Each structure stands twice: as structure tokens, then as C-alpha cells.
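To start, the structure under review is shown below, and the notes come after it.
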Amino acid sequence: MDQEFLNEMRTRLREEKVRLTETLEHLGVRDQTVRNKEDFDPTFPQYGDTEDDNIAEVSDFANTLDAQNRLEKSLEEVDQALGRIAQGTYGICEQCKKPIEVERLKAFPAARMCLTCEKKR
Ligand SMILES: [Zn+2]
């Protein structure tokens with residue numbers, strides 16, 4: 001991998017990390033990183049006391065948790081990709097150990113597998 005390409009991917013991964021972290025903060029799950037904790041506490045929405053209101057509350061809360069899980073997983077993948085750049089193993093397919101397609105990395109900098117292996121999953 002040439003250094004220029006690695007630098008570009010590192011920059012993009014760092015930007016992605018900032019974006020994911022900020023989104024998680026908005027969801028109220030990264031309260032340890034912000035000063036005003038009260039603003040970011042995960043709150044169970046209260047729409048009302050009727051049966052329908054209660055269903056909406058539970059469903060919104062579940063959606064938030066779902067979004068949170070997906071964001072945390074993405075953040076983990078971005079972190080791992082940054083780790084691979086630091087270790088010099090970035091861009092190598094985890095499965096077949098061949099280089100991952102450059103076009104694929106450009107489209108998805110945190111990719112861990114080449115296109116062939118990804119399709120086989
Ligand atoms: Zn592969």
C-alpha cells in the first residue's frame with residue numbers, strides 16, 4: 001500500500017470516527033465524554049398514558065438502542081481499521097490474506113475483507 005493512500009484512508013477513518021462519536025453523543029450514550037451530563041442522559045420518551053402512547057414510547061426506545069448498537073459496531077470497525085493502519089496490516093483481507101481491492105477501500109475504508117470473501121460470508 002502506498003503511503004499517500006494510507007494517509008488518505010487514515011484521514012477518512014478519523015473523520016468517520018468523529019462523525020460516529022458525535023452521533024452517539026446525540027443519542028445520549030457517550031455521556032462520560034461530555035461535561036453537561038444531564039443534556040445527554042438517555043431518556044425514555046413520555047408521550048402519554050394511553051396504550052398507543054406506551055407502545056410508541058417502547059418502540060422509539062428500541063429504535064434508539066438499535067441505532068446505538070449499529071453506531072457502536074461501526075465505531076469499533078473504524079477503530080480496528082485505524083489500528084491496522086498503525087500496525088501496517090491495513091488493506092489485507094482477514095480471510096484470504098490477499099490485498100483488498102483499492103476501489104472497495106475507497107468506498108468503505110473500514111473494510112476487513114476483500115470482495116470475494118465478503119460475498120462468501
Ligand atoms: Zn479475501
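Residue numbering restarts at 1 for every chain of the C-alpha cells, chains are lettered A, B, ... in their displayed order, and ligands are numbered from 1 as they appear.
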Next on the checklist: Around ligand 1, out to 9 Å and counting only C-alpha atoms and all ligand atoms, which residues are there? I want them as a PyMOL selection string.
Outcome noted: chain A and resi 92-100+112-118
Shell around A:Glu77 at 10 Å using only C-alpha atoms, local window under 3 positions removed, as a PDB file with C-alpha atoms, in the first residue's frame:
ATOM      1  CA  LEU A  13     -11.403   6.978   9.080  1.00  0.00           C
ATOM      2  CA  LYS A  17     -14.836   8.304  13.891  1.00  0.00           C
ATOM      3  CA  LEU A  71     -23.172   3.013  15.506  1.00  0.00           C
ATOM      4  CA  GLU A  72     -21.050   1.370  18.174  1.00  0.00           C
ATOM      5  CA  LYS A  73     -20.285  -1.509  15.845  1.00  0.00           C
ATOM      6  CA  SER A  74     -19.264   0.910  13.074  1.00  0.00           C
ATOM      7  CA  GLN A  80      -9.855  -1.504  14.223  1.00  0.00           C
ATOM      8  CA  ALA A  81      -9.080  -0.152  10.742  1.00  0.00           C
ATOM      9  CA  LEU A  82      -7.059   2.692  12.291  1.00  0.00           C
ATOM     10  CA  GLY A  83      -5.232   0.075  14.359  1.00  0.00           C
ATOM     11  CA  PRO A 109     -12.346   2.427   4.329  1.00  0.00           C
ATOM     12  CA  ALA A 110     -13.076   0.123   7.278  1.00  0.00           C
ATOM     13  CA  ALA A 111     -13.427  -2.982   5.068  1.00  0.00           C
ATOM     14  CA  ARG A 112     -11.885  -6.086   6.636  1.00  0.00           C
TER      15      ARG A 112
END
Item to check | A:Glu103, A:Asp60, A:Asp49, A:Asp79 ranked by distance to A:Leu27, top pick (using only C-alpha atoms) | outcome: A:Asp60
Next on the checklist: For a test of reading the model, state the distance in Å between atom CA of A:Lys106 and atom CA of A:Asp66, rounded to one decimal.
Outcome noted: 26.9 Å
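Of note, atom CA of A:Glu16 and atom CA of A:Arg104 are spaced 16.3 Å apart.
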Checklist entry - Out of chain A, which residues get helix (DSSP H, G or I) from DSSP, as a VMD selection string? => result chain A and resid 3 to 27 31 to 33 37 to 40 51 to 87 102 to 107 115 to 120
Keeping only C-alpha atoms, write the selected residues as a PDB file, in the first residue's frame.
ATOM      1  CA  GLN A   3       1.803   5.891   1.921  1.00  0.00           C
ATOM      2  CA  GLU A   4      -0.331   8.528   0.255  1.00  0.00           C
ATOM      3  CA  PHE A   5      -3.279   6.156   0.006  1.00  0.00           C
ATOM      4  CA  LEU A   6      -2.844   5.105   3.645  1.00  0.00           C
ATOM      5  CA  ASN A   7      -2.784   8.753   4.734  1.00  0.00           C
ATOM      6  CA  GLU A   8      -5.967   9.410   2.804  1.00  0.00           C
ATOM      7  CA  MET A   9      -7.711   6.415   4.392  1.00  0.00           C
ATOM      8  CA  ARG A  10      -6.471   7.390   7.853  1.00  0.00           C
ATOM      9  CA  THR A  11      -7.914  10.883   7.416  1.00  0.00           C
ATOM     10  CA  ARG A  12     -11.244   9.499   6.231  1.00  0.00           C
ATOM     11  CA  LEU A  13     -11.403   6.978   9.080  1.00  0.00           C
ATOM     12  CA  ARG A  14     -10.674   9.693  11.639  1.00  0.00           C
ATOM     13  CA  GLU A  15     -13.403  11.880  10.173  1.00  0.00           C
ATOM     14  CA  GLU A  16     -15.773   8.927  10.265  1.00  0.00           C
ATOM     15  CA  LYS A  17     -14.836   8.304  13.891  1.00  0.00           C
ATOM     16  CA  VAL A  18     -15.632  11.918  14.827  1.00  0.00           C
ATOM     17  CA  ARG A  19     -18.950  11.716  12.980  1.00  0.00           C
ATOM     18  CA  LEU A  20     -19.940   8.435  14.667  1.00  0.00           C
ATOM     19  CA  THR A  21     -18.905   9.686  18.106  1.00  0.00           C
ATOM     20  CA  GLU A  22     -20.932  12.872  17.661  1.00  0.00           C
ATOM     21  CA  THR A  23     -23.973  10.917  16.538  1.00  0.00           C
ATOM     22  CA  LEU A  24     -23.655   8.652  19.566  1.00  0.00           C
ATOM     23  CA  GLU A  25     -23.456  11.716  21.798  1.00  0.00           C
ATOM     24  CA  HIS A  26     -26.680  12.987  20.296  1.00  0.00           C
ATOM     25  CA  LEU A  27     -28.305   9.685  21.140  1.00  0.00           C
ATOM     26  CA  ASP A  31     -22.257  10.939  28.450  1.00  0.00           C
ATOM     27  CA  GLN A  32     -18.849  10.245  30.005  1.00  0.00           C
ATOM     28  CA  THR A  33     -17.236  12.347  27.286  1.00  0.00           C
ATOM     29  CA  LYS A  37     -24.264  15.039  31.666  1.00  0.00           C
ATOM     30  CA  GLU A  38     -27.936  15.952  32.056  1.00  0.00           C
ATOM     31  CA  ASP A  39     -28.192  17.032  28.456  1.00  0.00           C
ATOM     32  CA  PHE A  40     -27.127  13.638  27.215  1.00  0.00           C
ATOM     33  CA  GLU A  51     -51.969   2.135  25.395  1.00  0.00           C
ATOM     34  CA  ASP A  52     -50.937   3.571  21.996  1.00  0.00           C
ATOM     35  CA  ASP A  53     -48.682   6.132  23.636  1.00  0.00           C
ATOM     36  CA  ASN A  54     -46.963   3.417  25.625  1.00  0.00           C
ATOM     37  CA  ILE A  55     -46.374   1.325  22.526  1.00  0.00           C
ATOM     38  CA  ALA A  56     -44.836   4.344  20.741  1.00  0.00           C
ATOM     39  CA  GLU A  57     -42.564   5.009  23.720  1.00  0.00           C
ATOM     40  CA  VAL A  58     -41.249   1.454  23.796  1.00  0.00           C
ATOM     41  CA  SER A  59     -40.796   1.339  20.040  1.00  0.00           C
ATOM     42  CA  ASP A  60     -38.842   4.637  19.928  1.00  0.00           C
ATOM     43  CA  PHE A  61     -36.647   3.492  22.773  1.00  0.00           C
ATOM     44  CA  ALA A  62     -35.921   0.234  20.943  1.00  0.00           C
ATOM     45  CA  ASN A  63     -35.065   2.162  17.762  1.00  0.00           C
ATOM     46  CA  THR A  64     -32.594   4.282  19.692  1.00  0.00           C
ATOM     47  CA  LEU A  65     -30.946   1.200  21.147  1.00  0.00           C
ATOM     48  CA  ASP A  66     -30.818  -0.381  17.711  1.00  0.00           C
ATOM     49  CA  ALA A  67     -29.231   2.721  16.181  1.00  0.00           C
ATOM     50  CA  GLN A  68     -26.815   2.881  19.104  1.00  0.00           C
ATOM     51  CA  ASN A  69     -25.740  -0.729  18.584  1.00  0.00           C
ATOM     52  CA  ARG A  70     -25.140  -0.186  14.890  1.00  0.00           C
ATOM     53  CA  LEU A  71     -23.172   3.013  15.506  1.00  0.00           C
ATOM     54  CA  GLU A  72     -21.050   1.370  18.174  1.00  0.00           C
ATOM     55  CA  LYS A  73     -20.285  -1.509  15.845  1.00  0.00           C
ATOM     56  CA  SER A  74     -19.264   0.910  13.074  1.00  0.00           C
ATOM     57  CA  LEU A  75     -17.124   2.847  15.524  1.00  0.00           C
ATOM     58  CA  GLU A  76     -15.410  -0.367  16.557  1.00  0.00           C
ATOM     59  CA  GLU A  77     -14.714  -1.246  12.922  1.00  0.00           C
ATOM     60  CA  VAL A  78     -13.288   2.220  12.260  1.00  0.00           C
ATOM     61  CA  ASP A  79     -11.075   1.892  15.351  1.00  0.00           C
ATOM     62  CA  GLN A  80      -9.855  -1.504  14.223  1.00  0.00           C
ATOM     63  CA  ALA A  81      -9.080  -0.152  10.742  1.00  0.00           C
ATOM     64  CA  LEU A  82      -7.059   2.692  12.291  1.00  0.00           C
ATOM     65  CA  GLY A  83      -5.232   0.075  14.359  1.00  0.00           C
ATOM     66  CA  ARG A  84      -4.414  -1.894  11.224  1.00  0.00           C
ATOM     67  CA  ILE A  85      -3.009   1.236   9.581  1.00  0.00           C
ATOM     68  CA  ALA A  86      -0.783   1.751  12.633  1.00  0.00           C
ATOM     69  CA  GLN A  87       0.366  -1.883  12.517  1.00  0.00           C
ATOM     70  CA  VAL A 102      -8.427  -0.315  -3.677  1.00  0.00           C
ATOM     71  CA  GLU A 103     -11.830   0.690  -5.075  1.00  0.00           C
ATOM     72  CA  ARG A 104     -13.506  -1.221  -2.263  1.00  0.00           C
ATOM     73  CA  LEU A 105     -11.373   0.507   0.369  1.00  0.00           C
ATOM     74  CA  LYS A 106     -12.180   3.887  -1.161  1.00  0.00           C
ATOM     75  CA  ALA A 107     -15.882   3.113  -0.925  1.00  0.00           C
ATOM     76  CA  LEU A 115     -14.974  -8.518  -2.181  1.00  0.00           C
ATOM     77  CA  THR A 116     -14.661 -12.235  -2.955  1.00  0.00           C
ATOM     78  CA  CYS A 117     -14.547 -13.253   0.718  1.00  0.00           C
ATOM     79  CA  GLU A 118     -17.279 -10.766   1.684  1.00  0.00           C
ATOM     80  CA  LYS A 119     -19.600 -12.364  -0.873  1.00  0.00           C
ATOM     81  CA  LYS A 120     -18.893 -15.831   0.504  1.00  0.00           C
TER      82      LYS A 120
END
